[in-house]
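**Q** Next up, entry-v6.txt (compact mmCIF, C-alpha atoms and all ligand atoms).
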```txt
# COMPACT_ATOMS: atom_id res chain seq x y z
CA MET A 1 158.09 -1.54 -7.37
CA LEU A 2 158.16 -3.64 -10.52
CA ASN A 3 161.23 -4.71 -12.40
CA ALA A 4 162.48 -1.26 -13.29
CA ASP A 5 164.81 -1.90 -16.20
CA GLY A 6 162.32 -3.76 -18.35
CA SER A 7 158.75 -2.57 -18.57
CA PHE A 8 159.22 0.79 -16.91
CA ASN A 9 161.79 2.02 -19.42
CA CYS A 10 159.61 0.79 -22.23
CA ILE A 11 156.61 2.79 -21.01
CA GLN A 12 158.75 5.83 -20.39
CA GLU A 13 160.06 5.69 -23.94
CA ARG A 14 156.57 5.40 -25.33
CA ILE A 15 155.35 8.37 -23.29
CA GLN A 16 158.23 10.44 -24.63
CA THR A 17 157.39 9.46 -28.20
CA ILE A 18 153.75 10.38 -27.73
CA THR A 19 154.68 13.68 -26.11
CA SER A 20 157.02 14.66 -28.93
CA LEU A 21 154.40 13.69 -31.49
CA GLU A 22 151.86 15.84 -29.69
CA LYS A 23 154.27 18.74 -29.63
CA THR A 24 154.90 18.41 -33.35
CA PHE A 25 151.19 18.33 -33.99
CA GLN A 26 150.53 21.29 -31.72
CA SER A 27 153.17 23.45 -33.39
CA LEU A 28 151.78 22.48 -36.78
CA VAL A 29 148.29 23.52 -35.70
CA LEU A 30 149.69 26.76 -34.28
CA PHE A 31 151.64 27.41 -37.45
CA LEU A 32 148.54 26.88 -39.57
CA SER A 33 146.27 28.97 -37.37
CA PHE A 34 148.81 31.78 -37.17
CA ASN A 35 148.73 32.02 -40.91
CA THR A 36 144.98 32.37 -41.06
CA HIS A 37 142.74 34.41 -38.78
CA HIS A 38 144.73 33.78 -35.62
CA GLN A 39 147.15 36.56 -36.34
CA ASP A 40 144.76 39.51 -36.16
CA LYS A 41 142.77 38.11 -33.26
CA PHE A 42 144.94 39.93 -30.75
CA THR A 43 144.74 43.25 -32.60
CA GLN A 44 141.12 43.58 -31.51
CA SER A 45 139.71 44.57 -28.13
CA GLY A 46 137.30 42.98 -25.69
CA PHE A 47 137.28 40.56 -22.79
CA TYR A 48 140.22 38.28 -22.29
CA LYS A 49 141.28 35.52 -19.97
CA LEU A 50 144.79 35.16 -18.63
CA THR A 51 145.65 31.63 -17.65
CA CYS A 52 148.68 30.73 -15.60
CA PRO A 53 150.65 28.16 -17.63
CA ASP A 54 151.92 26.55 -14.44
CA CYS A 55 148.76 25.99 -12.41
CA GLY A 56 145.86 26.92 -14.70
CA LYS A 57 144.52 29.72 -12.50
CA ALA A 58 142.61 32.17 -14.69
CA TYR A 59 141.93 35.89 -14.52
CA ILE A 60 139.35 37.69 -16.61
CA GLY A 61 140.05 41.19 -17.86
CA GLN A 62 138.84 43.74 -20.36
CA THR A 63 140.66 46.10 -22.65
CA GLY A 64 139.55 48.92 -24.91
CA ARG A 65 142.80 48.66 -26.80
CA ASP A 66 144.26 45.66 -28.55
CA PHE A 67 144.90 42.44 -26.69
CA THR A 68 148.59 42.43 -27.58
CA SER A 69 149.18 45.78 -25.84
CA ARG A 70 147.31 44.53 -22.80
CA TYR A 71 149.37 41.36 -22.73
CA ASN A 72 152.60 43.35 -22.94
CA GLU A 73 151.32 45.59 -20.16
CA HIS A 74 150.75 42.61 -17.87
CA LYS A 75 154.22 41.40 -18.76
CA ARG A 76 155.65 44.76 -17.73
CA PHE A 77 153.69 44.59 -14.46
CA PHE A 78 155.11 41.14 -13.93
CA ARG A 79 158.67 42.47 -14.21
CA ASN A 80 158.19 45.76 -12.42
CA ASP A 81 155.07 46.51 -10.43
CA THR A 82 152.63 43.73 -9.62
CA SER A 83 150.23 45.87 -7.59
CA THR A 84 148.13 46.75 -10.65
CA SER A 85 147.86 43.26 -12.15
CA LYS A 86 146.39 40.39 -10.15
CA PHE A 87 147.70 38.01 -12.75
CA ALA A 88 151.25 39.36 -12.49
CA LYS A 89 150.96 39.28 -8.71
CA HIS A 90 149.88 35.65 -8.80
CA LEU A 91 152.88 34.69 -10.94
CA ASN A 92 155.28 36.54 -8.68
CA ASP A 93 153.73 35.23 -5.47
CA HIS A 94 153.85 31.61 -6.62
CA LEU A 95 156.99 31.90 -8.75
CA HIS A 96 155.04 30.83 -11.82
CA VAL A 97 156.21 31.77 -15.30
CA PHE A 98 154.81 34.32 -17.71
CA GLY A 99 154.29 32.31 -20.88
CA PRO A 100 153.98 33.44 -24.50
CA ILE A 101 150.73 35.16 -25.48
CA LYS A 102 149.33 32.05 -27.17
CA ASP A 103 149.69 30.10 -23.92
CA VAL A 104 148.58 32.82 -21.55
CA MET A 105 145.88 34.89 -23.21
CA GLN A 106 142.56 33.70 -24.57
CA VAL A 107 139.91 35.92 -26.08
CA VAL A 108 136.63 35.56 -24.20
CA GLN A 109 134.59 38.03 -26.20
CA PHE A 110 135.37 40.68 -28.77
CA HIS A 111 133.98 44.17 -28.38
CA LYS A 112 131.14 44.69 -30.79
CA ASN A 113 132.54 47.91 -32.23
CA PRO A 114 136.31 47.79 -31.93
CA LYS A 115 137.97 51.16 -31.51
CA PRO A 116 140.40 52.30 -34.18
CA GLU A 117 144.00 51.14 -33.83
CA HIS A 118 145.36 54.60 -33.09
CA HIS A 119 144.83 55.73 -29.56
ZN ZN B 1 149.96 29.84 -11.27
```
Once you've parsed the file, please lay out its structure as structure tokens.
**A**
Amino acid sequence: MLNADGSFNCIQERIQTITSLEKTFQSLVLFLSFNTHHQDKFTQSGFYKLTCPDCGKAYIGQTGRDFTSRYNEHKRFFRNDTSTSKFAKHLNDHLHVFGPIKDVMQVVQFHKNPKPEHH
């Protein structure tokens, strides 16, 4: 191991600075995109991908309703009954966390003719 108090601390500090800068930038990008088209993206239906924030394992699914409802459904499965959601089961089995929708759910493909909101 190298002299720990000198160079190591310096690198560590720099990594932390870069990380916090990245976080600031990411939240700025998120803030901007949420105020444009990002917001109504999840009100549509289609194919989605659920990615585990902890290990990156992905599950593809499809919904005829809006993505937000489907996300909330998976979240309910995660808390209650994981037999109907492979994604929820994975999180429970591996003690991985259920992240916010922006971290967990990605739209793969929108349905061509989205069904009306009321169902
Ligand atoms: Zn995982």
**Q** Do a neighbour search on Lys112 in chain A at 12 Å with all atoms listed in the file, toss out local chain neighbours closer than 6 positions, and write the hits as a PDB file with C-alpha atoms, in the coordinates of the input.
**A**
```
ATOM      1  CA  GLN A  44     141.120  43.580 -31.510  1.00  0.00           C
ATOM      2  CA  SER A  45     139.710  44.570 -28.130  1.00  0.00           C
ATOM      3  CA  GLY A  46     137.300  42.980 -25.690  1.00  0.00           C
ATOM      4  CA  PHE A  47     137.280  40.560 -22.790  1.00  0.00           C
ATOM      5  CA  GLY A  64     139.550  48.920 -24.910  1.00  0.00           C
TER       6      GLY A  64
END
```
**Q** Tyr48 in chain A: which residues within 7 Å, counting all atoms listed in the file, same-chain residues fewer than 2 positions away excluded, as a PyMOL selection string?
**A** chain A and resi 46+50+60-62+105-109
**Q** Return as a ChimeraX atom specification the residues of protein, DNA or RNA that approach ligand ZN 1 (chain B) to within 8 Å, with only C-alpha atoms and all ligand atoms taken into account.
**A** /A:51-57,90-91,94-97
**Q** Keeping only C-alpha atoms, write the selected residues to a file as a CSV table (one decimal), keeping the file's coordinate frame.
**A**
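Result went into selection36.csv, see below:
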```
chain,number,residue,atom,x,y,z
A,51,THR,CA,145.6,31.6,-17.6
A,52,CYS,CA,148.7,30.7,-15.6
A,53,PRO,CA,150.6,28.2,-17.6
A,54,ASP,CA,151.9,26.6,-14.4
A,55,CYS,CA,148.8,26.0,-12.4
A,56,GLY,CA,145.9,26.9,-14.7
A,57,LYS,CA,144.5,29.7,-12.5
A,90,HIS,CA,149.9,35.6,-8.8
A,91,LEU,CA,152.9,34.7,-10.9
A,94,HIS,CA,153.8,31.6,-6.6
A,95,LEU,CA,157.0,31.9,-8.8
A,96,HIS,CA,155.0,30.8,-11.8
A,97,VAL,CA,156.2,31.8,-15.3
```
**Q** Between CA of Phe42 in chain A and CA of Lys86 in chain A, measure the distance and give it in Å to one decimal.
**A**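 Distance reported for this atom pair: 20.7 Å.
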**Q** Can you pull out the residues contacting Thr84 in chain A? Cut-off 12 Å, using only C-alpha atoms, and skip same-chain residues under 5 positions away; I want them as a ChimeraX atom specification.
**A** /A:73-79,89-90
**Q** To one decimal place, how far is CA of Gln12 in chain A from CA of Lys102 in chain A in Å?
**A** 28.7 Å
**Q** Could you jot down the CA of Ser83 in chain A to CA of Thr63 in chain A separation for me, Å, one decimal place?
**A** 17.8 Å
**Q** Which is closer to Tyr71 in chain A than all the others in A:Tyr59, A:Ser27, A:Thr17, A:Val104, using only C-alpha atoms?
**A**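 The closest residue to Tyr71 in chain A is A:Val104.
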**Q** Select, from A:Lys23, A:Ser85, A:Phe110, A:Val29, the residue with the minimum atom-to-atom distance to Asp66 in chain A, counting all atoms listed in the file.
**A** A:Phe110
